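*Asks:* Please find my_file08.cif (mmCIF, C-alpha atoms) on the next line:
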data_coords
loop_
_atom_site.label_atom_id
_atom_site.label_comp_id
_atom_site.auth_asym_id
_atom_site.auth_seq_id
_atom_site.Cartn_x
_atom_site.Cartn_y
_atom_site.Cartn_z
CA MET A 7 -49.96 49.59 76.88
CA SER A 8 -48.82 51.39 80.01
CA LEU A 9 -46.91 54.67 79.81
CA PHE A 10 -43.81 52.92 81.13
CA ALA A 11 -44.04 50.28 78.39
CA ILE A 12 -44.36 52.97 75.70
CA ILE A 13 -41.29 54.80 77.03
CA TYR A 14 -39.42 51.49 77.26
CA MET A 15 -40.38 50.67 73.67
CA LEU A 16 -38.98 54.04 72.55
CA LEU A 17 -35.74 53.25 74.39
CA ALA A 18 -35.59 49.90 72.60
CA TYR A 19 -36.07 51.76 69.32
CA LEU A 20 -33.16 54.09 70.15
CA LEU A 21 -30.95 51.13 71.04
CA GLY A 22 -31.95 49.43 67.82
CA SER A 23 -31.05 52.60 65.92
CA ILE A 24 -27.37 52.15 66.80
CA SER A 25 -26.06 50.62 63.58
CA SER A 26 -23.10 48.44 64.47
CA ALA A 27 -22.35 47.77 60.80
CA ILE A 28 -21.92 51.46 60.01
CA LEU A 29 -19.95 52.24 63.17
CA ILE A 30 -17.64 49.22 62.97
CA CYS A 31 -16.95 49.75 59.26
CA ARG A 32 -16.12 53.40 59.88
CA LEU A 33 -13.80 52.51 62.75
CA ALA A 34 -12.10 49.94 60.50
CA GLY A 35 -11.65 52.53 57.76
CA LEU A 36 -14.02 50.78 55.36
CA GLY A 37 -16.46 53.63 54.90
CA ASP A 38 -20.24 53.30 54.89
CA PRO A 39 -21.52 49.75 54.12
CA ARG A 40 -24.67 51.33 52.68
CA GLU A 41 -22.53 52.54 49.78
CA GLN A 42 -20.73 49.23 49.13
CA GLY A 43 -21.58 45.65 48.22
CA SER A 44 -25.29 45.00 48.64
CA HIS A 45 -25.69 48.44 50.28
CA ASN A 46 -27.23 46.76 53.34
CA PRO A 47 -25.75 47.68 56.76
CA GLY A 48 -25.81 44.14 58.09
CA ALA A 49 -23.46 41.29 58.96
CA THR A 50 -23.68 39.60 55.54
CA ASN A 51 -22.55 42.70 53.68
CA VAL A 52 -19.83 43.41 56.26
CA LEU A 53 -18.60 39.84 55.77
CA ARG A 54 -18.05 40.60 52.11
CA ILE A 55 -16.41 43.99 52.48
CA GLY A 56 -14.62 43.61 55.81
CA GLY A 57 -14.09 39.95 56.61
CA ARG A 58 -15.46 37.44 59.07
CA TRP A 59 -14.31 39.02 62.35
CA LEU A 60 -15.92 42.36 61.65
CA ALA A 61 -19.03 40.55 60.45
CA LEU A 62 -19.11 38.48 63.64
CA ALA A 63 -18.87 41.63 65.76
CA VAL A 64 -21.76 43.18 63.83
CA LEU A 65 -23.83 40.01 64.14
CA LEU A 66 -23.36 39.75 67.90
CA PHE A 67 -24.12 43.41 68.49
CA ASP A 68 -27.27 43.28 66.36
CA ILE A 69 -28.50 40.18 68.18
CA LEU A 70 -27.85 41.71 71.61
CA LYS A 71 -29.60 44.99 70.87
CA GLY A 72 -32.76 42.99 70.18
CA MET A 73 -32.30 40.49 72.99
CA LEU A 74 -31.33 42.69 75.94
CA PRO A 75 -34.37 45.00 76.02
CA VAL A 76 -36.79 42.07 75.73
CA TRP A 77 -34.96 40.02 78.34
CA ALA A 78 -34.86 42.97 80.73
CA GLY A 79 -38.55 43.56 80.06
CA TYR A 80 -39.36 40.18 81.58
CA TYR A 81 -37.87 41.29 84.89
CA LEU A 82 -39.54 44.69 84.68
CA GLY A 83 -42.95 43.02 84.63
CA LEU A 84 -44.05 43.90 81.11
CA THR A 85 -46.99 41.96 79.69
CA HIS A 86 -46.56 39.57 76.78
CA PHE A 87 -48.02 42.11 74.37
CA GLU A 88 -45.75 44.86 75.71
CA LEU A 89 -42.70 42.62 75.35
CA GLY A 90 -43.71 42.00 71.75
CA MET A 91 -43.96 45.74 71.15
CA VAL A 92 -40.50 46.19 72.67
CA ALA A 93 -39.17 43.59 70.24
CA LEU A 94 -40.89 45.43 67.40
CA GLY A 95 -39.40 48.71 68.59
CA ALA A 96 -35.86 47.31 68.52
CA CYS A 97 -36.40 45.95 65.01
CA LEU A 98 -37.88 49.24 63.79
CA GLY A 99 -34.81 50.99 65.16
CA HIS A 100 -32.49 48.71 63.23
CA ILE A 101 -34.46 49.07 60.00
CA PHE A 102 -35.23 52.79 60.33
CA PRO A 103 -32.42 54.16 62.55
CA VAL A 104 -33.02 57.72 63.71
CA PHE A 105 -29.25 58.25 64.04
CA PHE A 106 -28.53 57.31 60.41
CA LYS A 107 -31.22 59.10 58.38
CA PHE A 108 -33.63 56.17 58.79
CA LYS A 109 -31.61 54.02 56.36
CA GLY A 110 -30.86 50.76 58.15
CA GLY A 111 -30.60 47.03 57.67
CA LYS A 112 -33.16 44.30 57.21
CA GLY A 113 -33.47 43.37 60.87
CA VAL A 114 -32.87 39.62 60.74
CA ALA A 115 -30.24 39.39 63.50
CA THR A 116 -32.03 41.93 65.69
CA ALA A 117 -35.34 40.10 65.26
CA PHE A 118 -33.65 36.82 66.15
CA GLY A 119 -32.26 38.37 69.31
CA ALA A 120 -35.62 39.88 70.23
CA ILE A 121 -37.53 36.63 69.70
CA ALA A 122 -34.90 34.35 71.27
CA PRO A 123 -35.82 34.99 74.95
CA ILE A 124 -39.28 33.51 74.38
CA ALA A 125 -38.19 29.86 74.53
CA TRP A 126 -35.20 27.68 73.66
CA GLY A 127 -37.46 25.62 71.43
CA VAL A 128 -38.18 28.71 69.35
CA VAL A 129 -34.46 29.49 69.10
CA GLY A 130 -33.65 25.96 67.89
CA SER A 131 -36.51 25.98 65.41
CA MET A 132 -35.46 29.33 63.95
CA LEU A 133 -31.84 28.30 63.55
CA GLY A 134 -32.77 24.90 62.17
CA THR A 135 -35.09 26.40 59.56
CA TRP A 136 -32.57 29.03 58.46
CA PHE A 137 -29.70 26.55 58.08
CA PHE A 138 -31.89 23.94 56.38
CA VAL A 139 -33.10 26.37 53.72
CA PHE A 140 -29.63 27.88 53.30
CA ILE A 141 -27.90 24.52 52.84
CA ILE A 142 -30.45 23.49 50.22
CA SER A 143 -30.70 26.80 48.35
CA GLY A 144 -27.57 28.81 49.11
CA TYR A 145 -29.68 31.97 49.40
CA SER A 146 -29.36 33.91 52.66
CA SER A 147 -32.37 36.05 51.76
CA LEU A 148 -34.59 33.05 51.04
CA SER A 149 -33.54 31.48 54.34
CA ALA A 150 -34.51 34.66 56.18
CA VAL A 151 -37.89 34.93 54.45
CA VAL A 152 -38.85 31.28 55.00
CA THR A 153 -37.76 31.49 58.63
CA ALA A 154 -39.79 34.68 59.15
CA LEU A 155 -42.86 32.98 57.67
CA THR A 156 -42.54 29.92 59.92
CA VAL A 157 -41.50 31.53 63.23
CA PRO A 158 -45.06 32.56 64.23
CA PHE A 159 -46.06 28.88 64.05
CA TYR A 160 -43.12 27.88 66.25
CA VAL A 161 -44.06 30.58 68.75
CA TRP A 162 -47.69 29.47 68.69
CA TRP A 163 -46.56 25.93 69.50
CA PHE A 164 -44.17 26.82 72.35
CA LYS A 165 -45.54 30.11 73.74
CA PRO A 166 -48.86 30.97 72.05
CA GLU A 167 -49.33 34.16 74.06
CA PHE A 168 -46.52 35.78 72.03
CA THR A 169 -47.87 34.79 68.60
CA PHE A 170 -49.44 38.11 67.58
CA PRO A 171 -46.54 40.48 68.41
CA VAL A 172 -44.01 38.03 66.93
CA ALA A 173 -46.11 37.82 63.77
CA LEU A 174 -45.90 41.62 63.49
CA VAL A 175 -42.11 41.46 63.69
CA CYS A 176 -42.00 38.70 61.06
CA CYS A 177 -44.28 40.67 58.71
CA LEU A 178 -41.82 43.55 58.97
CA LEU A 179 -38.93 41.24 58.07
CA VAL A 180 -40.72 39.87 55.02
CA TYR A 181 -41.53 43.42 53.90
CA ARG A 182 -37.86 44.45 54.20
CA HIS A 183 -36.94 41.56 51.91
CA HIS A 184 -39.39 42.51 49.14
CA GLU A 185 -36.58 43.43 46.75
CA ASN A 186 -34.83 40.10 47.43
CA ILE A 187 -38.11 38.27 46.84
CA GLN A 188 -38.48 39.98 43.47
CA ARG A 189 -34.92 39.04 42.49
CA LEU A 190 -35.50 35.46 43.61
CA TRP A 191 -38.65 35.33 41.49
CA ARG A 192 -36.75 36.64 38.46
CA GLY A 193 -33.77 34.35 39.10
CA GLN A 194 -31.47 37.34 39.65
CA GLU A 195 -30.58 36.84 43.33
CA ASP A 196 -26.96 35.82 44.00
CA LYS A 197 -26.15 32.86 46.18
CA ILE A 198 -23.99 33.96 49.06
CA TRP A 199 -20.88 32.05 47.96
CA SER A 200 -21.18 33.32 44.40
CA LYS A 201 -20.84 36.85 45.78
CA PHE A 202 -17.35 36.03 47.02
CA LYS A 203 -16.32 34.66 43.64
CA LYS A 204 -17.10 37.94 41.88
#
As structure tokens, please, write out the structure in this file.
*Replies:*
Amino acid sequence: MSLFAIIYMLLAYLLGSISSAILICRLAGLGDPREQGSHNPGATNVLRIGGRWLALAVLLFDILKGMLPVWAGYYLGLTHFELGMVALGACLGHIFPVFFKFKGGKGVATAFGAIAPIAWGVVGSMLGTWFFVFIISGYSSLSAVVTALTVPFYVWWFKPEFTFPVALVCCLLVYRHHENIQRLWRGQEDKIWSKFKK
């Protein structure tokens, strides 16, 4: 990687470290989402504790902070590998935010935003997989894990030159869901609509 690409990756990490869930919840007087609900500073938890409009704002911000650095990287002449590292940097920032004691979210929305500029076919495949699994199972976490496992194959089909860096991002997502995977295995994971009934 060039020195410019390394610096740009660090900037993507800093952008990713801006936790919209924490900031928006604080502005709305809801406190820290890491201390409520599922304790995850992401759109799903904000939906439960703050409602759909706050959750939508968090979702859009998290997507954009992954998408914008990668998209801009295209025009800055970064190589495919360097773009993948920029995507990884943004996701690492969201998951381990330097501004919030390295306690962040699971990176699904940010990863989606970072991978989306690759190709529209990849975007459609990711969304289709997530919704298909969610409609069948009702588990947001399972949808995220299955999508993360299949995305590298979609990327290989549409833009194979991005397969390796995207696979790194997806491995990170699966790792961040290890607790959810354990609860799914034990039958202790809540379906998303059952959370609202409690």
*Asks:* What is the CA of Ala63 in chain A-CA of Tyr181 in chain A distance in Å, reported with one decimal?
*Replies:*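 According to the coordinates, CA of Ala63 in chain A and CA of Tyr181 in chain A are separated by 25.6 Å.
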*Asks:* Of the candidates A:Thr156, A:Gly111, A:Gly90, A:Pro171, which one gets nearest to Pro47 in chain A if we count all atoms listed in the file?
*Replies:*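 Using all atoms listed in the file, the shortest distance to Pro47 in chain A belongs to A:Gly111.
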*Asks:* Figure out the distance between CA of Leu89 in chain A and CA of Val152 in chain A, please, to one decimal in Å.
*Replies:* 23.6 Å
*Asks:* Given the file above and the PyMOL selection byres ((chain A and resi 169) around 12), which residues are selected, and can you give them as a list of chain:residue names?
*Replies:* A:His86, A:Phe87, A:Leu89, A:Gly90, A:Met91, A:Ile121, A:Ile124, A:Val128, A:Thr156, A:Val157, A:Pro158, A:Phe159, A:Tyr160, A:Val161, A:Trp162, A:Trp163, A:Phe164, A:Lys165, A:Pro166, A:Glu167, A:Phe168, A:Phe170, A:Pro171, A:Val172, A:Ala173, A:Leu174, A:Val175, A:Cys176
*Asks:* What does the structure give for the distance between CA of Asp38 in chain A and CA of Leu178 in chain A, in Å to one decimal?
*Replies:* 24.0 Å
*Asks:* Just checking: using all atoms listed in the file, which residue out of A:Ala49, A:Gly99, A:Gly57, A:Ala34 ends up closest to Ala18 in chain A?
*Replies:*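 Checking each of A:Ala49, A:Gly99, A:Gly57, A:Ala34 against Ala18 in chain A, counting all atoms listed in the file, the winner is A:Gly99.
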*Asks:* Can you list, as a ChimeraX atom specification, every protein, DNA or RNA residue that comes within 12 Å of Ile13 in chain A when you count all atoms listed in the file, leaving out same-chain residues fewer than 2 positions away?
*Replies:* /A:7-11,15-20,79,84,88,91-92,95
*Asks:* Using only C-alpha atoms, pick whichever of A:Gly72, A:Ala78, A:Ile30, A:Leu190 has the shortest atom-to-atom distance to Gly144 in chain A.
*Replies:*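 Closest candidate: A:Leu190.
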*Asks:* As a check of understanding, name the residues that the PyMOL selection byres ((chain A and resi 62) around 12) selects in the supplied structure, as a PyMOL selection string.
*Replies:* chain A and resi 26-27+30+48-54+56-61+63-69+115
*Asks:* What's the 12 Å shell around Trp191 in chain A, counting all atoms listed in the file, without same-chain residues fewer than 6 positions away, as a CSV table (one decimal) with C-alpha atoms, in the coordinates of the input?
*Replies:*
chain,number,residue,atom,x,y,z
A,148,LEU,CA,-34.6,33.0,51.0
A,184,HIS,CA,-39.4,42.5,49.1
A,185,GLU,CA,-36.6,43.4,46.8
